file target34.cif (mmCIF, C-alpha atoms)
data_start
#
loop_
_atom_site.label_atom_id
_atom_site.label_comp_id
_atom_site.auth_asym_id
_atom_site.auth_seq_id
_atom_site.Cartn_x
_atom_site.Cartn_y
_atom_site.Cartn_z
CA LEU A 1 4.93 -17.54 -10.52
CA ASN A 2 6.35 -15.49 -7.68
CA PHE A 3 3.24 -15.07 -5.57
CA SER A 4 1.72 -16.54 -2.46
CA GLU A 5 -1.84 -17.64 -1.72
CA GLU A 6 -3.53 -17.79 1.65
CA LYS A 7 -7.01 -19.21 2.25
CA ILE A 8 -8.70 -17.58 5.19
CA THR A 9 -11.76 -19.21 6.77
CA ASN A 10 -12.49 -17.53 10.08
CA SER A 11 -15.67 -15.64 11.04
CA VAL A 12 -16.79 -12.37 9.49
CA THR A 13 -17.02 -9.17 11.52
CA GLU A 14 -20.54 -8.02 12.34
CA ASN A 15 -20.23 -4.63 10.62
CA ILE A 16 -19.79 -6.33 7.24
CA ASN A 17 -22.81 -8.60 7.94
CA GLY A 18 -21.16 -11.55 6.22
CA TYR A 19 -21.42 -10.03 2.75
CA ILE A 20 -17.73 -10.40 1.89
CA LYS A 21 -17.33 -13.93 3.23
CA GLY A 22 -16.15 -16.26 0.51
CA MET A 23 -14.86 -13.49 -1.75
CA LYS A 24 -11.74 -14.27 -3.79
CA ILE A 25 -9.47 -11.23 -3.78
CA LEU A 26 -6.24 -10.61 -5.68
CA LEU A 27 -3.82 -8.17 -4.07
CA ILE A 28 -1.29 -6.81 -6.59
CA GLU A 29 1.32 -5.15 -4.38
CA ASP A 30 5.13 -5.23 -4.17
CA ASN A 31 5.55 -3.74 -0.69
CA GLN A 32 5.94 -6.47 1.93
CA LEU A 33 4.57 -4.31 4.74
CA ASN A 34 1.42 -3.58 2.76
CA GLN A 35 1.05 -7.28 1.90
CA LEU A 36 1.33 -8.19 5.57
CA LEU A 37 -1.14 -5.51 6.62
CA VAL A 38 -3.80 -6.63 4.12
CA LYS A 39 -3.34 -10.23 5.29
CA LYS A 40 -3.87 -9.02 8.84
CA PHE A 41 -6.95 -6.97 7.99
CA LEU A 42 -8.57 -9.75 5.97
CA GLY A 43 -7.35 -12.59 8.16
CA LYS A 44 -10.64 -13.10 9.99
CA GLU A 45 -13.07 -12.22 7.22
CA GLY A 46 -13.53 -15.53 5.40
CA ILE A 47 -11.71 -14.30 2.28
CA SER A 48 -9.49 -16.23 -0.11
CA LEU A 49 -6.49 -13.93 -0.68
CA THR A 50 -3.89 -14.24 -3.43
CA ILE A 51 -0.87 -11.94 -3.66
CA ALA A 52 0.98 -11.01 -6.86
CA GLU A 53 4.12 -8.92 -6.38
CA ASN A 54 3.75 -6.84 -9.56
CA GLY A 55 1.27 -6.12 -12.32
CA LYS A 56 2.76 -8.66 -14.73
CA LEU A 57 2.27 -11.50 -12.25
CA GLY A 58 -1.29 -10.32 -11.66
CA VAL A 59 -2.03 -10.28 -15.39
CA ASP A 60 -0.52 -13.78 -15.70
CA LEU A 61 -3.01 -15.03 -13.10
CA PHE A 62 -5.88 -13.63 -15.16
CA GLU A 63 -4.42 -15.21 -18.30
CA ALA A 64 -4.50 -18.57 -16.51
CA ASP A 65 -8.07 -18.14 -15.22
CA PRO A 66 -10.08 -14.95 -16.02
CA THR A 67 -12.86 -15.93 -13.58
CA LYS A 68 -10.75 -16.87 -10.57
CA PHE A 69 -11.18 -13.60 -8.62
CA ASP A 70 -14.06 -11.41 -7.45
CA LEU A 71 -12.07 -8.22 -6.84
CA VAL A 72 -8.59 -6.73 -7.29
CA LEU A 73 -6.69 -4.49 -4.86
CA MET A 74 -4.24 -2.73 -7.18
CA ASP A 75 -1.13 -0.84 -6.07
CA LEU A 76 -0.11 1.79 -8.60
CA GLN A 77 3.67 2.11 -8.22
CA MET A 78 5.35 -1.26 -8.90
CA PRO A 79 8.32 -2.62 -10.86
CA VAL A 80 8.01 -4.65 -14.10
CA MET A 81 4.39 -3.55 -14.72
CA ASN A 82 2.71 -0.84 -12.65
CA GLY A 83 -0.93 -0.66 -11.64
CA TYR A 84 -1.93 1.63 -14.49
CA GLU A 85 -0.44 -0.70 -17.10
CA ALA A 86 -1.92 -3.80 -15.49
CA THR A 87 -5.39 -2.23 -15.31
CA LYS A 88 -5.20 -1.09 -18.92
CA HIS A 89 -4.27 -4.61 -20.00
CA ILE A 90 -7.05 -6.21 -17.95
CA ARG A 91 -9.66 -3.77 -19.27
CA LYS A 92 -8.57 -3.17 -22.89
CA GLU A 93 -6.77 -6.34 -23.92
CA MET A 94 -8.50 -9.00 -21.84
CA LYS A 95 -11.92 -7.30 -21.62
CA ILE A 96 -12.35 -8.38 -17.98
CA ASP A 97 -14.90 -6.32 -16.02
CA ILE A 98 -13.76 -7.17 -12.50
CA PRO A 99 -13.96 -4.51 -9.73
CA ILE A 100 -10.52 -2.92 -9.24
CA ILE A 101 -9.69 -0.78 -6.20
CA ALA A 102 -6.61 1.42 -6.65
CA MET A 103 -4.26 1.64 -3.65
CA THR A 104 -1.68 4.41 -3.53
CA ALA A 105 0.24 6.78 -1.28
CA HIS A 106 -0.76 9.64 -3.57
CA SER A 107 -3.97 11.56 -2.89
CA LEU A 108 -3.96 13.99 -5.81
CA VAL A 109 -7.27 14.64 -7.55
CA GLY A 110 -5.61 14.25 -10.94
CA GLU A 111 -4.37 10.79 -10.09
CA GLN A 112 -7.81 9.73 -8.89
CA LYS A 113 -9.25 10.84 -12.23
CA LYS A 114 -6.56 8.89 -14.09
CA CYS A 115 -7.52 5.76 -12.15
CA PHE A 116 -11.18 6.11 -13.00
CA ASP A 117 -10.46 6.95 -16.65
CA LEU A 118 -8.50 3.70 -16.98
CA GLY A 119 -11.45 1.74 -15.64
CA MET A 120 -10.68 1.33 -11.94
CA ASN A 121 -13.82 1.32 -9.82
CA GLU A 122 -12.61 2.77 -6.53
CA TYR A 123 -9.62 4.40 -4.85
CA ILE A 124 -8.12 4.15 -1.37
CA SER A 125 -5.25 6.25 -0.06
CA LYS A 126 -2.39 4.84 2.02
CA PRO A 127 -2.25 4.68 4.96
CA TYR A 128 -5.76 3.33 5.47
CA THR A 129 -7.57 1.76 8.39
CA LYS A 130 -9.13 -1.69 8.44
CA LYS A 131 -12.59 -0.12 8.42
CA GLU A 132 -11.77 1.97 5.33
CA LEU A 133 -10.50 -1.08 3.46
CA MET A 134 -13.43 -3.27 4.49
CA ASP A 135 -15.91 -0.55 3.53
CA LYS A 136 -14.34 -0.34 0.06
CA ILE A 137 -14.39 -4.12 -0.41
CA GLY A 138 -17.96 -4.28 0.91
CA MET A 139 -19.09 -1.99 -1.90
CA PHE A 140 -18.36 -4.80 -4.36
CA SER A 141 -19.52 -7.81 -2.38
CA SER A 142 -22.53 -8.11 -4.68
CA LYS A 143 -21.81 -8.90 -8.34
CA THR A 144 -24.77 -6.76 -9.33
CA ILE A 145 -22.78 -3.63 -8.39
CA THR A 146 -21.16 -2.31 -11.56
CA SER A 147 -21.31 1.47 -11.34
CA LYS A 148 -18.22 3.51 -10.45
CA LYS A 149 -17.96 5.23 -7.11
CA LYS A 150 -16.06 8.49 -7.51
CA GLY A 151 -14.88 8.93 -3.91
CA ALA A 152 -11.55 8.55 -2.16
CA SER A 153 -10.74 7.62 1.41
CA LYS A 154 -9.08 9.99 3.80
CA THR A 155 -5.76 9.05 5.25
CA GLY A 156 -5.65 7.68 8.79
CA GLU A 157 -5.66 9.92 11.82
CA ASP A 158 -2.34 11.02 13.29
CA ASN A 159 -1.18 8.61 15.98
CA LYS A 160 1.89 8.17 18.11
CA LEU A 161 4.23 5.45 16.93
CA PHE A 162 3.38 2.65 19.35
CA GLU A 163 -0.31 3.56 19.61
CA ASN A 164 -0.51 3.16 15.85
CA LEU A 165 1.39 -0.12 15.98
CA ARG A 166 -0.96 -1.55 18.59
CA GLU A 167 -3.94 -0.54 16.48
CA LEU A 168 -2.50 -2.13 13.35
CA GLY A 169 -1.56 -5.27 15.27
CA ASP A 170 -4.89 -5.49 17.11
CA GLY A 171 -3.01 -6.57 20.23
CA ASN A 172 -1.13 -9.37 18.44
CA GLU A 173 2.44 -8.98 19.70
CA GLU A 174 3.87 -11.51 17.24
CA PHE A 175 2.32 -9.65 14.31
CA ILE A 176 3.58 -6.29 15.59
CA LYS A 177 7.14 -7.60 15.84
CA GLU A 178 6.92 -9.06 12.34
CA MET A 179 5.81 -5.65 11.04
CA ILE A 180 8.72 -3.99 12.84
CA THR A 181 11.22 -6.51 11.46
CA ILE A 182 10.12 -5.88 7.87
CA PHE A 183 9.98 -2.12 8.42
CA LEU A 184 13.50 -2.02 9.88
CA ARG A 185 14.99 -4.21 7.15
CA ASN A 186 13.44 -2.37 4.24
CA GLY A 187 13.34 1.10 5.80
CA GLN A 188 16.98 1.21 6.82
CA ASN A 189 18.09 0.01 3.40
CA ASP A 190 15.85 2.53 1.62
CA MET A 191 17.17 5.35 3.81
CA LYS A 192 20.73 4.47 2.79
CA LEU A 193 19.70 4.55 -0.87
CA LEU A 194 17.96 7.89 -0.39
CA VAL A 195 20.99 9.49 1.30
CA GLU A 196 23.29 8.15 -1.43
CA ALA A 197 20.98 9.46 -4.14
CA SER A 198 20.95 12.91 -2.54
CA LYS A 199 24.75 12.99 -2.40
CA LYS A 200 25.02 11.98 -6.07
CA GLY A 201 22.32 14.46 -7.07
CA ASN A 202 20.23 11.66 -8.58
CA LYS A 203 16.79 13.26 -8.33
CA VAL A 204 14.93 10.46 -10.12
CA GLU A 205 16.20 7.77 -7.73
CA LEU A 206 15.67 10.03 -4.71
CA SER A 207 12.04 10.60 -5.66
CA GLU A 208 11.42 6.88 -6.25
CA VAL A 209 12.93 5.85 -2.91
CA ALA A 210 11.02 8.62 -1.11
CA HIS A 211 7.79 7.21 -2.55
CA LYS A 212 8.59 3.74 -1.14
CA LEU A 213 9.38 5.18 2.28
CA LYS A 214 6.24 7.30 2.26
CA THR A 215 4.00 4.25 2.46
CA SER A 216 5.91 2.74 5.39
CA PHE A 217 6.19 5.95 7.42
CA GLY A 218 2.52 6.68 6.80
CA MET A 219 1.46 3.20 7.89
CA PHE A 220 3.38 3.56 11.15
CA GLY A 221 1.97 7.04 11.79
CA ILE A 222 5.39 8.74 11.76
CA ASP A 223 4.08 12.14 10.75
CA LYS A 224 7.31 14.16 10.57
CA ALA A 225 9.06 11.56 8.40
CA TYR A 226 5.93 11.15 6.27
CA ASP A 227 5.79 14.90 5.60
CA LEU A 228 9.49 15.00 4.67
CA VAL A 229 9.38 12.07 2.23
CA SER A 230 6.21 13.54 0.71
CA LYS A 231 8.19 16.71 -0.04
CA LEU A 232 11.20 14.78 -1.34
CA GLU A 233 8.98 12.67 -3.58
CA MET A 234 7.95 15.87 -5.37
CA ILE A 235 11.62 16.68 -5.97
CA ASP A 236 11.01 19.08 -8.85
CA ASN A 237 9.31 21.52 -6.47
CA TYR A 238 12.64 22.29 -4.80
CA LYS A 239 14.44 25.44 -5.93
CA ASP A 240 17.97 24.45 -4.87
CA ASN A 241 20.02 21.42 -3.85
CA GLY A 242 20.72 22.92 -0.44
CA SER A 243 17.08 22.61 0.54
CA ILE A 244 17.00 19.00 -0.65
CA LEU A 245 20.07 18.07 1.40
CA ALA A 246 18.65 19.84 4.46
CA ASP A 247 15.40 17.86 4.27
CA VAL A 248 17.31 14.62 3.70
CA GLU A 249 19.38 15.32 6.81
CA SER A 250 16.23 16.07 8.84
CA LEU A 251 14.65 12.88 7.57
CA LYS A 252 17.73 10.85 8.48
CA LYS A 253 17.74 12.19 12.03
CA CYS A 254 14.04 11.47 12.43
CA SER A 255 14.24 7.98 10.91
CA ASP A 256 17.32 7.05 12.94
CA GLU A 257 15.43 7.87 16.13
CA VAL A 258 12.43 5.84 14.99
CA PHE A 259 14.62 2.87 14.02
CA LYS A 260 16.28 3.05 17.45
CA GLN A 261 12.91 3.02 19.25
CA LEU A 262 11.65 0.10 17.18
CA LYS A 263 14.83 -1.94 17.73
CA ASN A 264 14.44 -1.48 21.47
CA TYR A 265 10.77 -2.52 21.27
CA ALA A 266 11.48 -5.63 19.21
#
call {"tool": "encode", "arguments": {"input": "target34.cif", "output": "structure tokens"}}
result
Amino acid sequence: LNFSEEKITNSVTENINGYIKGMKILLIEDNQLNQLLVKKFLGKEGISLTIAENGKLGVDLFEADPTKFDLVLMDLQMPVMNGYEATKHIRKEMKIDIPIIAMTAHSLVGEQKKCFDLGMNEYISKPYTKKELMDKIGMFSSKTITSKKKGASKTGEDNKLFENLRELGDGNEEFIKEMITIFLRNGQNDMKLLVEASKKGNKVELSEVAHKLKTSFGMFGIDKAYDLVSKLEMIDNYKDNGSILADVESLKKCSDEVFKQLKNYA
């Protein structure tokens, strides 16, 4: 199976009061930046973390051992099998009543309802802070908690690029540079794909690539780029191709400047 497992045994932060220590969490997520960030956030909380890179791999882990995990962090947009399909299989086919927290760059009320209707227990919007993630996980630290919580987290506060990086990295320069390396590699490639899709008039591909970039730009607190890819993701709202190309050009200028700054930093 194409997944990695990391056992984490350091001390638990005081605000969680030790309740999540020893939890076994499965992160089903294809985005490497998001994988790295969750590892960072949970790295000192005494949690056993397993990562599956798509819903099918996550389901396979449950097929092998239905009782292995205490909680699932479920991304929604993934290749092979998305989060909706994986949750439906876990709930309907396998009859497993494990807490599932949806993780997505979308924040639409309709999508939240869809998550809860499928049997997910909670919902967190990307980008999120460590406190928001820990609070969500803490809600399910006791196995006696079974009721659904119908709330959604707010996105993180607007921050300047390097202020946000320092917060994410918690002062760990090596971690920050690793984040930048992954962001530059994936972000620059995705921007090329997005520009090519806009030139070919491939709206489906453009929307899909914009969704991938949305998570990364949001995580790094790059507000202008985040707003532009959010618009481009909802491609059907545009009235003409000229407006699409104009926003793509604005996004390219903004992202090129960000990439330049990050290369200089790293």
call {"tool": "closest_residue", "arguments": {"input": "target34.cif", "among": "A:Lys21, A:Lys88, A:Lys239, A:Lys203", "to": "Met74 (chain A)", "atoms": "only C-alpha atoms"}}
result
A:Lys88
call {"tool": "atom_distance", "arguments": {"input": "target34.cif", "atom1": "CA of Leu27 (chain A)", "atom2": "CA of Val72 (chain A)"}}
result
5.9 Å
call {"tool": "closest_atom_pairs", "arguments": {"input": "target34.cif", "of": "region 62-82 of chain A", "to": "region 39-52 of chain A", "cutoff": "12 Å", "atoms": "only C-alpha atoms", "output": "CSV"}}
result
residue,atom,partner,partner_atom,distance
A:Phe62,CA,A:Ala52,CA,11.1
A:Lys68,CA,A:Thr50,CA,10.2
A:Phe69,CA,A:Thr50,CA,9.0
A:Asp70,CA,A:Ser48,CA,9.9
A:Leu71,CA,A:Leu49,CA,10.1
A:Val72,CA,A:Thr50,CA,9.7
A:Leu73,CA,A:Ile51,CA,9.5
A:Met74,CA,A:Ala52,CA,9.8
A:Asp75,CA,A:Ala52,CA,10.4
A:Met78,CA,A:Ala52,CA,10.9
A:Pro79,CA,A:Ala52,CA,11.8
A:Val80,CA,A:Ala52,CA,11.9
A:Met81,CA,A:Ala52,CA,11.4
A:Asn82,CA,A:Ala52,CA,11.8
call {"tool": "write_last_selection", "arguments": {"input": "target34.cif", "atoms": "C-alpha atoms", "output": "PDB file, in the coordinates of the input"}}
result
ATOM      1  CA  PHE A  62      -5.880 -13.630 -15.160  1.00  0.00           C
ATOM      2  CA  LYS A  68     -10.750 -16.870 -10.570  1.00  0.00           C
ATOM      3  CA  PHE A  69     -11.180 -13.600  -8.620  1.00  0.00           C
ATOM      4  CA  ASP A  70     -14.060 -11.410  -7.450  1.00  0.00           C
ATOM      5  CA  LEU A  71     -12.070  -8.220  -6.840  1.00  0.00           C
ATOM      6  CA  VAL A  72      -8.590  -6.730  -7.290  1.00  0.00           C
ATOM      7  CA  LEU A  73      -6.690  -4.490  -4.860  1.00  0.00           C
ATOM      8  CA  MET A  74      -4.240  -2.730  -7.180  1.00  0.00           C
ATOM      9  CA  ASP A  75      -1.130  -0.840  -6.070  1.00  0.00           C
ATOM     10  CA  MET A  78       5.350  -1.260  -8.900  1.00  0.00           C
ATOM     11  CA  PRO A  79       8.320  -2.620 -10.860  1.00  0.00           C
ATOM     12  CA  VAL A  80       8.010  -4.650 -14.100  1.00  0.00           C
ATOM     13  CA  MET A  81       4.390  -3.550 -14.720  1.00  0.00           C
ATOM     14  CA  ASN A  82       2.710  -0.840 -12.650  1.00  0.00           C
TER      15      ASN A  82
END
call {"tool": "closest_residue", "arguments": {"input": "target34.cif", "among": "A:Lys126, A:Lys192, A:Arg166, A:Lys177", "to": "Ser216 (chain A)", "atoms": "all atoms listed in the file"}}
result
A:Lys126
call {"tool": "residues_around", "arguments": {"input": "target34.cif", "residues": "region 253-255 of chain A", "least_positions_apart": "6", "cutoff": "10 Å", "atoms": "only C-alpha atoms", "output": "PyMOL selection string"}}
result
chain A and resi 187-188+191+217+222+224-225+228+247+261
call {"tool": "axis_aligned_box", "arguments": {"input": "target34.cif", "around": "region 193-206 of chain A", "padding_each_side": "4 Å", "output": "AutoDock Vina command-line options"}}
result
--center_x 20.0 --center_y 9.5 --center_z -4.4 --size_x 18.1 --size_y 17.9 --size_z 19.4
call {"tool": "resolve_selection", "arguments": {"input": "target34.cif", "expression": "the PyMOL selection byres ((chain A and resi 194) around 9)", "output": "ChimeraX atom specification"}}
result
/A:189-193,195-199,205-210,248
call {"tool": "atom_distance", "arguments": {"input": "target34.cif", "atom1": "CA of Glu53 (chain A)", "atom2": "CA of Asp256 (chain A)"}}
result
28.3 Å
call {"tool": "atom_distance", "arguments": {"input": "target34.cif", "atom1": "CA of Gly22 (chain A)", "atom2": "CA of Gly169 (chain A)"}}
result
23.5 Å
call {"tool": "closest_residue", "arguments": {"input": "target34.cif", "among": "A:Lys263, A:Lys130, A:Lys200, A:Lys252", "to": "Leu37 (chain A)", "atoms": "only C-alpha atoms"}}
result
A:Lys130
call {"tool": "decode", "arguments": {"input": "target34.cif", "residues": "region 193-243 of chain A", "atoms": "C-alpha atoms", "output": "PDB file, in the first residue's frame"}}
result
ATOM      1  CA  LEU A 193      -1.113  23.346 -15.915  1.00  0.00           C
ATOM      2  CA  LEU A 194      -3.607  26.078 -15.049  1.00  0.00           C
ATOM      3  CA  VAL A 195      -2.205  28.503 -17.640  1.00  0.00           C
ATOM      4  CA  GLU A 196      -2.195  25.760 -20.292  1.00  0.00           C
ATOM      5  CA  ALA A 197      -5.778  24.814 -19.451  1.00  0.00           C
ATOM      6  CA  SER A 198      -6.881  28.443 -19.787  1.00  0.00           C
ATOM      7  CA  LYS A 199      -5.226  28.729 -23.203  1.00  0.00           C
ATOM      8  CA  LYS A 200      -6.906  25.527 -24.410  1.00  0.00           C
ATOM      9  CA  GLY A 201     -10.243  26.587 -22.950  1.00  0.00           C
ATOM     10  CA  ASN A 202     -10.397  23.430 -20.830  1.00  0.00           C
ATOM     11  CA  LYS A 203     -12.676  24.654 -18.052  1.00  0.00           C
ATOM     12  CA  VAL A 204     -12.899  21.320 -16.230  1.00  0.00           C
ATOM     13  CA  GLU A 205      -9.119  20.989 -15.880  1.00  0.00           C
ATOM     14  CA  LEU A 206      -8.751  24.666 -14.979  1.00  0.00           C
ATOM     15  CA  SER A 207     -11.269  24.316 -12.156  1.00  0.00           C
ATOM     16  CA  GLU A 208      -9.612  21.146 -10.826  1.00  0.00           C
ATOM     17  CA  VAL A 209      -6.125  22.695 -10.807  1.00  0.00           C
ATOM     18  CA  ALA A 210      -7.469  25.886  -9.194  1.00  0.00           C
ATOM     19  CA  HIS A 211      -8.908  23.751  -6.383  1.00  0.00           C
ATOM     20  CA  LYS A 212      -5.487  22.168  -5.733  1.00  0.00           C
ATOM     21  CA  LEU A 213      -3.785  25.562  -5.680  1.00  0.00           C
ATOM     22  CA  LYS A 214      -6.450  27.001  -3.396  1.00  0.00           C
ATOM     23  CA  THR A 215      -5.366  24.804  -0.506  1.00  0.00           C
ATOM     24  CA  SER A 216      -1.692  25.728  -0.865  1.00  0.00           C
ATOM     25  CA  PHE A 217      -2.232  29.474  -1.274  1.00  0.00           C
ATOM     26  CA  GLY A 218      -4.640  29.467   1.660  1.00  0.00           C
ATOM     27  CA  MET A 219      -2.210  27.592   3.883  1.00  0.00           C
ATOM     28  CA  PHE A 220       0.530  30.120   3.149  1.00  0.00           C
ATOM     29  CA  GLY A 221      -1.811  33.070   3.731  1.00  0.00           C
ATOM     30  CA  ILE A 222      -1.434  34.429   0.176  1.00  0.00           C
ATOM     31  CA  ASP A 223      -4.770  36.216   0.134  1.00  0.00           C
ATOM     32  CA  LYS A 224      -4.775  37.697  -3.376  1.00  0.00           C
ATOM     33  CA  ALA A 225      -3.849  34.379  -5.003  1.00  0.00           C
ATOM     34  CA  TYR A 226      -6.325  32.531  -2.778  1.00  0.00           C
ATOM     35  CA  ASP A 227      -9.155  34.847  -3.854  1.00  0.00           C
ATOM     36  CA  LEU A 228      -8.273  34.431  -7.543  1.00  0.00           C
ATOM     37  CA  VAL A 229      -8.107  30.620  -7.498  1.00  0.00           C
ATOM     38  CA  SER A 230     -11.358  30.567  -5.518  1.00  0.00           C
ATOM     39  CA  LYS A 231     -12.986  32.472  -8.384  1.00  0.00           C
ATOM     40  CA  LEU A 232     -11.375  30.287 -11.041  1.00  0.00           C
ATOM     41  CA  GLU A 233     -12.479  27.139  -9.235  1.00  0.00           C
ATOM     42  CA  MET A 234     -16.082  28.260  -9.731  1.00  0.00           C
ATOM     43  CA  ILE A 235     -15.427  28.589 -13.470  1.00  0.00           C
ATOM     44  CA  ASP A 236     -19.078  28.400 -14.507  1.00  0.00           C
ATOM     45  CA  ASN A 237     -19.738  31.743 -12.805  1.00  0.00           C
ATOM     46  CA  TYR A 238     -17.711  33.552 -15.472  1.00  0.00           C
ATOM     47  CA  LYS A 239     -19.651  35.194 -18.298  1.00  0.00           C
ATOM     48  CA  ASP A 240     -16.850  35.294 -20.881  1.00  0.00           C
ATOM     49  CA  ASN A 241     -13.417  33.815 -21.604  1.00  0.00           C
ATOM     50  CA  GLY A 242     -11.808  37.240 -21.490  1.00  0.00           C
ATOM     51  CA  SER A 243     -12.508  37.548 -17.780  1.00  0.00           C
TER      52      SER A 243
END
